[in-house]
file upload_9.csv (CSV, C-alpha atoms and all ligand atoms)
chain,number,residue,atom,x,y,z
F,1,MET,CA,-30.9,73.3,0.8
F,2,ARG,CA,-30.2,69.7,-0.3
F,3,THR,CA,-27.2,67.6,0.6
F,4,ASP,CA,-28.2,64.3,-1.0
F,5,GLY,CA,-25.8,63.1,-3.7
F,6,GLN,CA,-23.0,65.3,-2.2
F,7,ARG,CA,-19.7,64.2,-0.8
F,8,ARG,CA,-19.4,63.5,2.9
F,9,SER,CA,-16.2,64.5,4.6
F,10,ASP,CA,-14.0,61.9,6.4
F,11,ASN,CA,-12.4,64.6,8.5
F,12,PHE,CA,-14.9,63.7,11.1
F,13,GLU,CA,-14.7,62.0,14.5
F,14,ASP,CA,-17.4,60.7,16.8
F,15,ARG,CA,-16.1,61.2,20.3
F,16,GLY,CA,-19.1,59.8,22.0
F,17,ARG,CA,-20.6,60.8,25.3
F,18,GLY,CA,-18.3,62.6,27.7
F,19,SER,CA,-19.1,61.8,31.3
F,20,GLY,CA,-18.7,64.7,33.7
F,21,GLY,CA,-18.7,67.8,31.6
F,22,GLY,CA,-19.5,70.0,34.6
F,23,GLY,CA,-18.7,73.1,32.7
F,24,MET,CA,-15.7,75.1,31.8
F,25,GLY,CA,-13.2,76.3,34.3
F,26,GLY,CA,-13.1,73.4,36.6
F,27,GLY,CA,-9.4,72.9,36.2
F,28,GLY,CA,-6.3,74.8,37.2
F,29,LEU,CA,-4.9,75.0,40.7
F,30,PRO,CA,-6.9,73.3,43.4
F,31,GLY,CA,-9.1,75.6,45.4
F,32,GLY,CA,-7.3,77.6,48.1
F,33,MET,CA,-3.9,76.9,46.7
F,34,LEU,CA,-3.6,80.2,44.8
F,35,PHE,CA,-4.6,82.1,48.0
F,36,ALA,CA,-2.1,80.2,50.1
F,37,ILE,CA,0.7,81.0,47.6
F,38,LEU,CA,-0.2,84.7,47.6
F,39,ARG,CA,-0.2,84.8,51.4
F,40,ARG,CA,3.2,83.0,51.5
F,41,ILE,CA,5.0,85.5,49.2
F,42,GLY,CA,3.6,88.6,51.0
F,43,ILE,CA,2.8,92.0,49.6
F,44,ARG,CA,6.2,92.6,47.9
F,45,GLY,CA,6.1,89.3,46.3
F,46,ILE,CA,2.5,89.9,45.1
F,47,LEU,CA,3.6,93.2,43.5
F,48,ILE,CA,6.5,91.5,41.7
F,49,VAL,CA,4.2,88.8,40.5
F,50,ALA,CA,1.7,91.4,39.4
F,51,VAL,CA,4.3,93.4,37.4
F,52,LEU,CA,5.7,90.3,35.7
F,53,GLY,CA,2.2,89.0,35.1
F,54,GLY,CA,1.3,92.4,33.5
F,55,ILE,CA,4.3,92.2,31.2
F,56,VAL,CA,3.4,88.6,30.1
F,57,TRP,CA,-0.3,89.5,29.8
F,58,PHE,CA,0.1,92.5,27.6
F,59,GLY,CA,3.4,91.6,25.8
F,60,PHE,CA,2.6,88.0,25.0
F,61,PRO,CA,-1.2,87.6,24.4
F,62,GLN,CA,-0.7,84.0,23.3
F,63,PHE,CA,0.1,83.0,26.9
F,64,ARG,CA,-3.2,84.4,28.2
F,65,ALA,CA,-5.3,81.3,27.7
F,66,PRO,CA,-2.8,78.9,29.4
F,67,ILE,CA,-2.5,81.4,32.3
F,68,MET,CA,-6.2,81.6,32.7
F,69,GLN,CA,-6.4,77.8,32.5
F,70,LEU,CA,-3.7,77.4,35.2
F,71,LEU,CA,-5.6,79.8,37.5
F,72,GLY,CA,-8.8,78.0,36.7
F,73,ILE,CA,-10.5,81.0,35.2
F,74,GLY,CA,-12.5,79.9,32.2
F,75,GLY,CA,-10.9,78.4,29.1
F,76,GLY,CA,-11.4,74.8,30.0
F,77,GLY,CA,-9.5,72.3,32.2
F,78,GLY,CA,-12.5,70.7,33.7
F,79,GLU,CA,-12.6,67.0,34.3
F,80,VAL,CA,-14.2,65.2,31.4
F,81,ALA,CA,-13.6,61.5,31.0
F,82,GLN,CA,-12.9,60.1,27.6
F,83,GLY,CA,-16.1,59.8,25.6
F,84,GLU,CA,-18.1,56.6,25.6
F,85,GLY,CA,-20.3,55.1,23.0
F,86,SER,CA,-21.4,56.8,19.8
F,87,VAL,CA,-23.1,60.1,19.2
F,88,CYS,CA,-23.9,59.3,15.6
F,89,GLU,CA,-25.8,56.1,16.5
F,90,ALA,CA,-28.6,58.3,17.9
F,91,GLU,CA,-27.9,61.4,15.8
F,92,ALA,CA,-27.3,59.7,12.5
F,93,GLN,CA,-29.0,62.5,10.5
F,94,ALA,CA,-27.2,65.3,12.2
F,95,CYS,CA,-23.9,63.6,11.8
F,96,ASP,CA,-24.5,62.9,8.1
F,97,PHE,CA,-25.6,66.4,7.5
F,98,SER,CA,-22.6,67.8,9.3
F,99,ARG,CA,-20.2,65.7,7.2
F,100,ALA,CA,-21.9,67.0,4.0
F,101,VAL,CA,-21.6,70.6,5.1
F,102,LEU,CA,-18.0,70.1,6.2
F,103,ALA,CA,-17.2,68.6,2.8
F,104,SER,CA,-18.7,71.6,1.1
F,105,THR,CA,-16.6,74.0,3.2
F,106,GLU,CA,-13.5,72.0,2.3
F,107,ASP,CA,-14.3,72.4,-1.4
F,108,VAL,CA,-14.9,76.1,-1.1
F,109,TRP,CA,-11.9,77.0,1.1
F,110,ARG,CA,-9.5,74.8,-0.8
F,111,GLN,CA,-10.4,76.8,-3.9
F,112,GLN,CA,-10.3,80.2,-2.1
F,113,PHE,CA,-6.9,79.5,-0.7
F,114,SER,CA,-5.5,78.2,-4.0
F,115,GLN,CA,-6.6,81.5,-5.6
F,116,ASN,CA,-5.4,83.5,-2.5
F,117,ARG,CA,-8.7,85.4,-2.3
F,118,LEU,CA,-8.1,86.1,1.4
F,119,PRO,CA,-7.6,89.1,3.7
F,120,ASN,CA,-3.9,89.7,3.9
F,121,TYR,CA,-2.3,89.6,7.4
F,122,GLY,CA,1.3,89.6,6.4
F,123,SER,CA,2.1,85.9,5.9
F,124,ALA,CA,1.1,83.8,2.9
F,125,PRO,CA,-1.1,81.1,4.3
F,126,GLY,CA,-0.3,78.6,1.6
F,127,ALA,CA,-2.8,75.7,0.8
F,128,TYR,CA,-5.9,75.1,2.9
F,129,VAL,CA,-5.6,72.6,5.6
F,130,ASP,CA,-8.8,70.7,6.4
F,131,PRO,CA,-9.9,70.9,10.0
F,132,THR,CA,-11.5,67.9,11.7
F,133,LEU,CA,-15.1,68.0,13.0
F,134,VAL,CA,-15.4,66.3,16.4
F,135,VAL,CA,-19.0,65.5,17.5
F,136,PHE,CA,-19.5,64.9,21.2
F,137,GLN,CA,-22.3,64.8,23.7
F,138,GLY,CA,-22.3,66.4,27.2
F,139,GLY,CA,-18.6,67.1,27.5
F,140,VAL,CA,-15.4,66.7,25.6
F,141,ALA,CA,-11.7,66.5,26.5
F,142,THR,CA,-10.1,68.5,23.6
F,143,GLU,CA,-6.5,67.9,22.5
F,144,GLY,CA,-5.5,71.6,22.7
F,145,CYS,CA,-8.1,73.6,24.6
F,146,GLY,CA,-8.7,71.7,27.8
F,147,SER,CA,-12.1,70.3,28.6
F,148,ALA,CA,-15.5,71.8,27.7
F,149,SER,CA,-19.1,71.0,28.4
F,150,SER,CA,-21.9,71.4,25.8
F,151,ASP,CA,-23.0,74.5,27.6
F,152,VAL,CA,-20.4,76.6,25.8
F,153,GLY,CA,-21.9,75.7,22.4
F,154,PRO,CA,-20.0,74.7,19.3
F,155,PHE,CA,-16.4,76.0,19.3
F,156,TYR,CA,-13.1,75.8,17.4
F,157,CYS,CA,-9.9,75.1,19.1
F,158,PRO,CA,-6.9,76.8,17.2
F,159,ALA,CA,-4.4,74.6,19.0
F,160,ASP,CA,-5.6,71.3,17.7
F,161,ARG,CA,-7.5,72.6,14.6
F,162,ASN,CA,-10.7,70.8,15.5
F,163,LEU,CA,-14.3,72.0,15.4
F,164,TYR,CA,-16.3,70.7,18.4
F,165,ILE,CA,-20.0,70.3,18.1
F,166,ASP,CA,-22.6,68.6,20.3
F,167,PRO,CA,-25.5,67.9,17.8
F,168,GLY,CA,-27.8,68.7,20.8
F,169,PHE,CA,-27.1,72.3,20.1
F,170,TYR,CA,-29.3,72.1,17.0
F,171,ALA,CA,-32.3,71.4,19.3
F,172,VAL,CA,-31.2,74.3,21.5
F,173,MET,CA,-31.2,76.5,18.4
F,174,GLU,CA,-34.6,75.4,17.4
F,175,SER,CA,-36.4,75.6,20.7
F,176,ARG,CA,-34.6,78.0,23.0
F,177,LEU,CA,-33.1,80.4,20.4
F,178,ARG,CA,-35.9,80.1,17.9
F,179,ALA,CA,-33.5,79.6,15.1
F,180,PRO,CA,-34.7,76.4,13.3
F,181,GLY,CA,-33.7,75.1,9.9
F,182,ASP,CA,-31.0,73.1,8.3
F,183,PHE,CA,-29.3,76.1,6.8
F,184,ALA,CA,-29.2,77.7,10.2
F,185,GLN,CA,-27.3,74.6,11.4
F,186,ALA,CA,-25.0,74.8,8.4
F,187,TYR,CA,-24.3,78.4,9.3
F,188,VAL,CA,-23.1,77.3,12.7
F,189,ILE,CA,-20.6,74.8,11.2
F,190,ALA,CA,-19.5,77.3,8.6
F,191,HIS,CA,-18.9,79.9,11.3
F,192,GLU,CA,-16.6,77.6,13.2
F,193,VAL,CA,-14.9,76.7,9.9
F,194,GLY,CA,-14.5,80.5,9.5
F,195,HIS,CA,-12.5,80.5,12.8
F,196,HIS,CA,-10.3,77.8,11.3
F,197,VAL,CA,-9.7,80.0,8.2
F,198,GLN,CA,-8.8,82.9,10.5
F,199,ASN,CA,-6.3,80.7,12.3
F,200,LEU,CA,-4.7,79.8,9.0
F,201,ILE,CA,-4.5,83.3,7.7
F,202,GLY,CA,-3.3,84.8,11.0
F,203,ALA,CA,-6.4,86.8,11.9
F,204,THR,CA,-6.8,85.0,15.2
F,205,GLN,CA,-3.6,86.6,16.5
F,206,ARG,CA,-4.5,90.1,15.4
F,207,SER,CA,-5.4,93.0,17.7
F,208,VAL,CA,-6.0,96.7,17.2
F,209,GLN,CA,-4.0,99.1,19.3
F,210,GLY,CA,-6.1,100.7,22.1
F,211,GLU,CA,-9.0,98.2,21.8
F,212,THR,CA,-10.1,96.0,24.6
F,213,GLN,CA,-10.0,92.2,24.3
F,214,ASN,CA,-13.8,92.2,23.9
F,215,GLN,CA,-13.7,94.6,21.0
F,216,THR,CA,-11.1,92.5,19.2
F,217,SER,CA,-13.3,89.5,19.9
F,218,VAL,CA,-16.2,91.2,18.2
F,219,ARG,CA,-14.0,91.8,15.1
F,220,ILE,CA,-13.0,88.1,15.1
F,221,GLU,CA,-16.6,86.9,15.5
F,222,LEU,CA,-18.1,89.1,12.8
F,223,GLN,CA,-15.3,88.1,10.4
F,224,ALA,CA,-16.2,84.4,11.1
F,225,ASP,CA,-19.8,85.3,10.3
F,226,CYS,CA,-18.8,86.9,7.0
F,227,LEU,CA,-16.6,83.9,6.1
F,228,ALA,CA,-19.6,81.7,6.8
F,229,GLY,CA,-21.5,83.8,4.3
F,230,VAL,CA,-18.7,83.4,1.7
F,231,TRP,CA,-19.1,79.7,2.0
F,232,GLY,CA,-22.9,80.0,1.6
F,233,HIS,CA,-22.4,82.1,-1.6
F,234,SER,CA,-20.1,79.5,-3.1
F,235,ALA,CA,-22.2,76.5,-2.1
F,236,ARG,CA,-25.4,78.0,-3.4
F,237,ALA,CA,-25.6,76.0,-6.5
F,238,THR,CA,-24.3,72.6,-5.3
F,239,LEU,CA,-26.5,72.6,-2.1
F,240,ALA,CA,-29.5,74.3,-3.7
F,241,ILE,CA,-29.5,77.1,-1.1
F,242,ASP,CA,-32.5,79.4,-1.7
F,243,GLU,CA,-34.0,82.5,-0.2
F,244,ALA,CA,-35.7,80.6,2.6
F,245,ASP,CA,-32.3,79.2,3.6
F,246,LEU,CA,-30.8,82.7,3.6
F,247,ARG,CA,-33.6,83.8,5.9
F,248,GLU,CA,-32.9,80.9,8.3
F,249,ALA,CA,-29.2,81.9,8.5
F,250,LEU,CA,-30.0,85.6,9.1
F,251,ASN,CA,-32.6,84.6,11.7
F,252,ALA,CA,-29.9,82.5,13.4
F,253,ALA,CA,-27.3,85.3,13.2
F,254,HIS,CA,-29.9,87.6,14.8
F,255,ALA,CA,-30.8,85.1,17.5
F,256,ILE,CA,-27.2,84.8,18.7
F,257,GLY,CA,-26.3,88.5,18.7
F,258,ASP,CA,-25.0,89.7,22.1
F,259,ASP,CA,-28.0,92.1,22.5
F,260,SER,CA,-30.5,89.4,21.6
F,261,LEU,CA,-28.9,87.1,24.1
F,262,GLY,CA,-29.7,89.6,26.9
F,263,GLN,CA,-26.4,91.6,27.1
F,264,THR,CA,-27.0,95.3,27.7
F,265,ASN,CA,-23.6,96.6,28.4
F,266,GLU,CA,-21.8,97.1,25.0
F,267,ALA,CA,-18.4,96.8,26.7
F,268,SER,CA,-19.2,93.2,27.5
F,269,PHE,CA,-20.1,92.3,23.9
F,270,THR,CA,-17.8,89.6,22.5
F,271,HIS,CA,-19.7,88.5,19.3
F,272,GLY,CA,-21.4,91.7,18.1
F,273,THR,CA,-25.0,92.8,18.0
F,274,SER,CA,-27.7,91.0,16.0
F,275,ALA,CA,-27.7,93.7,13.4
F,276,GLN,CA,-23.9,93.4,13.0
F,277,ARG,CA,-23.9,89.6,12.8
F,278,MET,CA,-26.6,89.7,10.1
F,279,ARG,CA,-24.8,92.5,8.2
F,280,TRP,CA,-21.5,90.7,8.1
F,281,PHE,CA,-23.0,87.3,7.2
F,282,ARG,CA,-24.9,89.1,4.4
F,283,ARG,CA,-21.7,90.8,3.2
F,284,GLY,CA,-20.0,87.5,2.7
F,285,PHE,CA,-23.0,85.8,1.2
F,286,ASP,CA,-23.6,88.6,-1.3
F,287,SER,CA,-20.0,89.1,-2.4
F,288,GLY,CA,-18.6,85.6,-2.1
F,289,ASP,CA,-15.3,87.3,-1.6
F,290,PRO,CA,-13.3,86.7,1.6
F,291,ARG,CA,-11.4,89.9,1.1
F,292,GLN,CA,-14.7,91.7,1.8
F,293,CYS,CA,-14.5,90.2,5.3
F,294,ASP,CA,-11.7,92.2,6.6
F,295,THR,CA,-13.3,93.4,9.8
F,296,PHE,CA,-9.8,94.6,11.0
F,297,ALA,CA,-9.7,97.2,8.2
F,298,VAL,CA,-12.7,99.2,9.4
F,299,SER,CA,-13.3,101.3,12.5
F,300,GLN,CA,-15.4,100.1,15.4
F,301,ALA,CA,-18.2,102.4,14.1
F,302,GLN,CA,-18.2,100.8,10.7
F,303,LEU,CA,-18.4,97.2,12.1
F,401,ZN,ZN,-17.4,82.3,16.9
call {"tool": "encode", "arguments": {"input": "upload_9.csv", "output": "structure tokens"}}
result
Amino acid sequence: MRTDGQRRSDNFEDRGRGSGGGGMGGGGLPGGMLFAILRRIGIRGILIVAVLGGIVWFGFPQFRAPIMQLLGIGGGGGEVAQGEGSVCEAEAQACDFSRAVLASTEDVWRQQFSQNRLPNYGSAPGAYVDPTLVVFQGGVATEGCGSASSDVGPFYCPADRNLYIDPGFYAVMESRLRAPGDFAQAYVIAHEVGHHVQNLIGATQRSVQGETQNQTSVRIELQADCLAGVWGHSARATLAIDEADLREALNAAHAIGDDSLGQTNEASFTHGTSAQRMRWFRRGFDSGDPRQCDTFAVSQAQL
């Protein structure tokens, strides 16, 4: 692929090096406080809290993340100081490349939204809203999703509509995951942009009755892979994407499948198997049609 001569997006922010960044889940109530509260309210109190908690948990899924955060179970909240310095000073090429890919996703998704070629989840999404790509190093204090360390990999925060990427992840892909190549990196950005698209069309809030949270997560992740493929299809000409690039993306999709990352228990899968991730990326890439990416319209067996 080639990005020279192409537009660079300005929806880009260099957040610098985050000091701390000791991993997710450092926040929430101070240690021991939760235990002290539970002892205080006694067994009847605990039962009442449990019942109320259950009602909120299952009736209002949108409150799950903040509850988890309050309790200090995953989802961020760690202490990361505001970033210092610049990431792009040392990672000029990665930053420039990311801005070019982001610009290309903007072009593609603005057009897809204006033609309303999208899976339909009940509400008309209107025009595409550009997300902002935040690059950071080590750790980052997000606006809407608490704090995160680079260990979690690139991610999208629906609450602030930012994509967060530590360019160091590209080196991790190359060495530890054996997924090298510029188009493999582009696929990662396009996948996170896919999550943004899902946020705009209302896919993020969807669930399938009787399915676990992990099963829903697999649907969400495979759809993001498919949407990344749609971008690849549409950008093929402008970015000179060839067969070797496609192989890089499929290799990356394979490398980050739950089974390839060492998971053996299917119930714990959150992103899908290598075969599934490759299949859904391919489906988007071959069709170029986001409506082919409706992972909520098929059964688990068809995913
Ligand atoms: Zn994802």
call {"tool": "residues_near_ligand", "arguments": {"input": "upload_9.csv", "ligand": "ligand ZN 401 (chain F)", "cutoff": "7 Å", "atoms": "all atoms listed in the file", "output": "PyMOL selection string"}}
result
chain F and resi 155+191-192+195+221+224
call {"tool": "closest_atom_pairs", "arguments": {"input": "upload_9.csv", "of": "stretch 149-226 of chain F", "to": "stretch 273-292 of chain F", "cutoff": "9 Å", "atoms": "only C-alpha atoms", "output": "tab-separated table"}}
result
residue	atom	partner	partner_atom	distance
F:Val218	CA	F:Thr273	CA	8.9
F:Glu221	CA	F:Arg277	CA	8.2
F:Leu222	CA	F:Arg277	CA	5.8
F:Gln223	CA	F:Trp280	CA	7.1
F:Ala224	CA	F:Phe281	CA	8.4
F:Asp225	CA	F:Phe281	CA	4.9
F:Cys226	CA	F:Phe281	CA	4.2
call {"tool": "atom_distance", "arguments": {"input": "upload_9.csv", "atom1": "atom CA of F:Ala244", "atom2": "atom CA of F:Asp294"}}
result
27.0 Å
call {"tool": "closest_residue", "arguments": {"input": "upload_9.csv", "among": "F:Asn162, F:Ala255, F:Leu227, F:Ile241", "to": "F:Pro180", "atoms": "all atoms listed in the file"}}
result
F:Ala255
call {"tool": "atom_distance", "arguments": {"input": "upload_9.csv", "atom1": "atom CA of F:Thr105", "atom2": "atom CA of F:Ser175"}}
result
26.5 Å
call {"tool": "atom_distance", "arguments": {"input": "upload_9.csv", "atom1": "atom CA of F:Gln185", "atom2": "atom CA of F:Asn116"}}
result
27.4 Å
call {"tool": "residues_around", "arguments": {"input": "upload_9.csv", "residues": "F:Gln93", "least_positions_apart": "5", "cutoff": "12 Å", "atoms": "all atoms listed in the file", "output": "CSV table (one decimal) with C-alpha atoms, keeping the file's coordinate frame"}}
result
chain,number,residue,atom,x,y,z
F,3,THR,CA,-27.2,67.6,0.6
F,4,ASP,CA,-28.2,64.3,-1.0
F,87,VAL,CA,-23.1,60.1,19.2
F,88,CYS,CA,-23.9,59.3,15.6
F,98,SER,CA,-22.6,67.8,9.3
F,99,ARG,CA,-20.2,65.7,7.2
F,100,ALA,CA,-21.9,67.0,4.0
F,167,PRO,CA,-25.5,67.9,17.8
F,170,TYR,CA,-29.3,72.1,17.0
F,182,ASP,CA,-31.0,73.1,8.3
